Amino acid sequence: MSNDKVVKVALVGNPNTGKTSLFNQLTGLKQKVGNYPGITVEKKQGVCKLSDNIIAEITDLPGTYSINPTSMDETMVLDTLLNEKGKSFPDVIIVVVEIENIKRNLLLFTQIKDLKIPTILVINMIDQMKRKGISIDVKKLEEKLKTKIVLVSARKNIGKLKQWNIQFD
Ligand SMILES: Nc1nc2c(ncn2[C@@H]2O[C@H](COP(=O)(O)OP(=O)(O)O)[C@@H](O)[C@H]2O)c(=O)[nH]1
Ligand SMILES: [Mg+2]
């Protein structure tokens, strides 16, 4: 256990994209989930085993629309992502967007990517795809955004971090 490598992962995204649901699914913890903004008032942390000797320490951050803070929550998120010496400074950022509002959510993604911290894009709520008649060309979007994209449904438990095939090194 003590020889395990710890990878710090931060969950970032607009409010209501399912960050806390994903956090709960990955860590087995049960943070309160809600469909109104501001329910994640502080950063919560949990762990998730990735492989025999890698542990992801996951931080669930409050929802944020951009990295130009207009609230205390957003200021806290930005501080976490800018303070390289901070305890929660991430090795990897997971930007969570929801399937119905990918375009709007991508503003934040582009800003986060500019921070030059390794970032992947998680598109959540894929259980809604069929019903809403949405389809995505993941490969094309990955090329366009120069990022790895993972499709998940935090609600239906589709898409486990372990299977994401991310190289943490
Ligand atoms: N259909 C669907 N709803 C989801 C999914 N993930 C989260 N939700 C719902 O979206 C709302 C916001 O979720 P939450 O995890 O609190 O989002 P957060 O604000 O980003 O932390 C809640 O009502 C969740 O039940 C998903 O994969 N599919
Ligand atoms: Mg939340």
# chains A, B, ... in the order shown; residues from 1 in each chain; ligands from 1

call {"tool": "select_by_dssp", "arguments": {"residues": "range 58-116 of chain A", "states": "alpha helix (DSSP H)", "output": "list in words"}}
result
Met72, Asp73, Glu74, Thr75, Met76, Val77, Leu78, Asp79, Thr80, Leu81, Leu82, Ile102, Lys103, Arg104, Asn105, Leu106, Leu107, Leu108, Phe109, Thr110, Gln111, Ile112 and Lys113 of chain A

call {"tool": "select_by_dssp", "arguments": {"residues": "range 64-120 of chain A", "states": "strand (DSSP E or B)", "output": "ChimeraX atom specification"}}
result
/A:92-98,119-120

call {"tool": "residues_near_ligand", "arguments": {"ligand": "ligand 1", "cutoff": "6 Å", "atoms": "only C-alpha atoms and all ligand atoms", "output": "tab-separated table (two decimals) with C-alpha atoms, in the first residue's frame"}}
result
chain	number	residue	atom	x	y	z
A	15	PRO	CA	-22.67	22.89	-12.18
A	16	ASN	CA	-24.95	19.90	-12.74
A	17	THR	CA	-22.74	18.03	-15.15
A	18	GLY	CA	-22.60	15.07	-12.77
A	19	LYS	CA	-19.22	15.60	-11.12
A	20	THR	CA	-20.44	14.53	-7.70
A	21	SER	CA	-22.29	11.52	-9.12
A	33	VAL	CA	-26.10	14.97	-5.37
A	34	GLY	CA	-28.47	17.68	-6.46
A	35	ASN	CA	-29.91	19.37	-9.45
A	63	GLY	CA	-19.19	23.72	-10.24
A	124	ASN	CA	-21.40	12.34	-18.95
A	125	MET	CA	-25.06	11.29	-19.13
A	127	ASP	CA	-27.76	7.24	-20.99
A	128	GLN	CA	-29.68	10.21	-22.42
A	153	SER	CA	-23.01	7.68	-17.42
A	154	ALA	CA	-22.49	8.32	-13.75
A	155	ARG	CA	-26.10	7.36	-13.16

call {"tool": "residues_around", "arguments": {"residues": "range 93-109 of chain A", "least_positions_apart": "5", "cutoff": "9 Å", "atoms": "only C-alpha atoms", "output": "VMD selection string"}}
result
chain A and resid 8 to 14 16 to 19 22 64 to 67 81 114 117 to 126 128 to 129 132 134 151

call {"tool": "residues_around", "arguments": {"residues": "Glu57 in chain A", "least_positions_apart": "6", "cutoff": "8 Å", "atoms": "only C-alpha atoms", "output": "number ranges by chain"}}
result
A: 6-9, 45-48

call {"tool": "atom_distance", "arguments": {"atom1": "CA of Asn157 in chain A", "atom2": "CA of Asn24 in chain A"}}
result
10.3 Å

call {"tool": "closest_residue", "arguments": {"among": "A:Lys139, A:Asp60, A:Gly133, A:Gln111", "to": "Lys30 in chain A", "atoms": "only C-alpha atoms"}}
result
A:Asp60

call {"tool": "decode", "arguments": {"residues": "range 113-157 of chain A", "atoms": "N, CA and C atoms", "output": "compact mmCIF listing (two decimals), in the first residue's frame"}}
result
# COMPACT_ATOMS: atom_id res chain seq x y z
N LYS A 113 -7.70 23.64 -20.45
CA LYS A 113 -6.63 23.05 -21.24
C LYS A 113 -5.44 24.01 -21.35
N ASP A 114 -5.72 25.27 -21.37
CA ASP A 114 -4.67 26.29 -21.46
C ASP A 114 -3.79 26.33 -20.21
N LEU A 115 -4.24 25.72 -19.12
CA LEU A 115 -3.44 25.71 -17.90
C LEU A 115 -2.25 24.76 -18.03
N LYS A 116 -2.28 23.93 -19.05
CA LYS A 116 -1.18 22.99 -19.33
C LYS A 116 -1.03 21.88 -18.30
N ILE A 117 -2.09 21.60 -17.60
CA ILE A 117 -2.11 20.42 -16.74
C ILE A 117 -2.75 19.32 -17.59
N PRO A 118 -2.23 18.09 -17.57
CA PRO A 118 -2.86 17.04 -18.37
C PRO A 118 -4.37 16.96 -18.10
N THR A 119 -5.13 17.00 -19.16
CA THR A 119 -6.58 17.09 -19.00
C THR A 119 -7.28 16.09 -19.90
N ILE A 120 -8.30 15.44 -19.38
CA ILE A 120 -9.14 14.63 -20.26
C ILE A 120 -10.57 15.13 -20.17
N LEU A 121 -11.31 14.84 -21.20
CA LEU A 121 -12.69 15.31 -21.26
C LEU A 121 -13.63 14.12 -21.06
N VAL A 122 -14.46 14.23 -20.06
CA VAL A 122 -15.46 13.19 -19.82
C VAL A 122 -16.83 13.73 -20.22
N ILE A 123 -17.48 13.03 -21.12
CA ILE A 123 -18.84 13.41 -21.51
C ILE A 123 -19.79 12.50 -20.74
N ASN A 124 -20.54 13.11 -19.85
CA ASN A 124 -21.40 12.34 -18.95
C ASN A 124 -22.85 12.32 -19.45
N MET A 125 -23.62 11.44 -18.88
CA MET A 125 -25.06 11.29 -19.13
C MET A 125 -25.34 10.68 -20.50
N ILE A 126 -24.48 9.75 -20.92
CA ILE A 126 -24.70 9.13 -22.22
C ILE A 126 -25.94 8.24 -22.23
N ASP A 127 -26.49 7.99 -21.03
CA ASP A 127 -27.76 7.24 -20.99
C ASP A 127 -28.89 8.04 -21.64
N GLN A 128 -28.66 9.35 -21.81
CA GLN A 128 -29.68 10.21 -22.42
C GLN A 128 -29.56 10.31 -23.94
N MET A 129 -28.49 9.75 -24.47
CA MET A 129 -28.19 9.96 -25.89
C MET A 129 -29.31 9.52 -26.82
N LYS A 130 -29.73 8.29 -26.61
CA LYS A 130 -30.70 7.70 -27.51
C LYS A 130 -32.01 8.49 -27.47
N ARG A 131 -32.48 8.70 -26.25
CA ARG A 131 -33.75 9.39 -26.05
C ARG A 131 -33.73 10.78 -26.67
N LYS A 132 -32.60 11.45 -26.56
CA LYS A 132 -32.51 12.82 -27.05
C LYS A 132 -32.03 12.87 -28.50
N GLY A 133 -31.78 11.72 -29.07
CA GLY A 133 -31.35 11.69 -30.46
C GLY A 133 -30.01 12.35 -30.71
N ILE A 134 -29.10 12.15 -29.76
CA ILE A 134 -27.78 12.78 -29.89
C ILE A 134 -26.76 11.74 -30.33
N SER A 135 -25.90 12.11 -31.26
CA SER A 135 -24.78 11.23 -31.57
C SER A 135 -23.50 12.07 -31.64
N ILE A 136 -22.40 11.44 -31.30
CA ILE A 136 -21.14 12.17 -31.29
C ILE A 136 -20.07 11.40 -32.04
N ASP A 137 -19.31 12.11 -32.82
CA ASP A 137 -18.14 11.51 -33.45
C ASP A 137 -16.95 11.77 -32.51
N VAL A 138 -16.73 10.80 -31.62
CA VAL A 138 -15.73 10.99 -30.57
C VAL A 138 -14.34 11.22 -31.15
N LYS A 139 -14.01 10.42 -32.17
CA LYS A 139 -12.68 10.52 -32.75
C LYS A 139 -12.41 11.92 -33.30
N LYS A 140 -13.41 12.42 -34.02
CA LYS A 140 -13.30 13.74 -34.62
C LYS A 140 -13.15 14.82 -33.55
N LEU A 141 -13.96 14.69 -32.51
CA LEU A 141 -13.93 15.68 -31.43
C LEU A 141 -12.58 15.60 -30.68
N GLU A 142 -12.07 14.39 -30.52
CA GLU A 142 -10.76 14.23 -29.87
C GLU A 142 -9.68 14.93 -30.67
N GLU A 143 -9.77 14.79 -31.99
CA GLU A 143 -8.77 15.44 -32.84
C GLU A 143 -8.89 16.95 -32.78
N LYS A 144 -10.13 17.40 -32.83
CA LYS A 144 -10.38 18.83 -32.83
C LYS A 144 -9.91 19.48 -31.52
N LEU A 145 -10.20 18.81 -30.43
CA LEU A 145 -9.88 19.40 -29.11
C LEU A 145 -8.51 18.97 -28.60
N LYS A 146 -7.88 18.08 -29.34
CA LYS A 146 -6.58 17.52 -28.94
C LYS A 146 -6.64 16.99 -27.50
N THR A 147 -7.56 16.11 -27.28
CA THR A 147 -7.72 15.56 -25.94
C THR A 147 -8.24 14.14 -26.01
N LYS A 148 -8.07 13.42 -24.91
CA LYS A 148 -8.74 12.12 -24.81
C LYS A 148 -10.15 12.35 -24.29
N ILE A 149 -11.09 11.65 -24.90
CA ILE A 149 -12.49 11.78 -24.50
C ILE A 149 -13.01 10.44 -24.00
N VAL A 150 -13.73 10.46 -22.90
CA VAL A 150 -14.34 9.24 -22.39
C VAL A 150 -15.83 9.50 -22.21
N LEU A 151 -16.64 8.58 -22.70
CA LEU A 151 -18.09 8.69 -22.55
C LEU A 151 -18.54 7.90 -21.33
N VAL A 152 -19.29 8.52 -20.45
CA VAL A 152 -19.75 7.81 -19.26
C VAL A 152 -21.20 8.15 -18.92
N SER A 153 -21.76 7.31 -18.08
CA SER A 153 -23.01 7.68 -17.42
C SER A 153 -22.81 7.41 -15.95
N ALA A 154 -22.69 8.48 -15.19
CA ALA A 154 -22.49 8.32 -13.75
C ALA A 154 -23.71 7.67 -13.13
N ARG A 155 -24.87 7.93 -13.70
CA ARG A 155 -26.10 7.36 -13.16
C ARG A 155 -26.20 5.87 -13.41
N LYS A 156 -25.92 5.47 -14.62
CA LYS A 156 -26.07 4.05 -14.97
C LYS A 156 -24.79 3.26 -14.74
N ASN A 157 -23.80 3.95 -14.17
CA ASN A 157 -22.58 3.25 -13.85
C ASN A 157 -21.85 2.71 -15.09
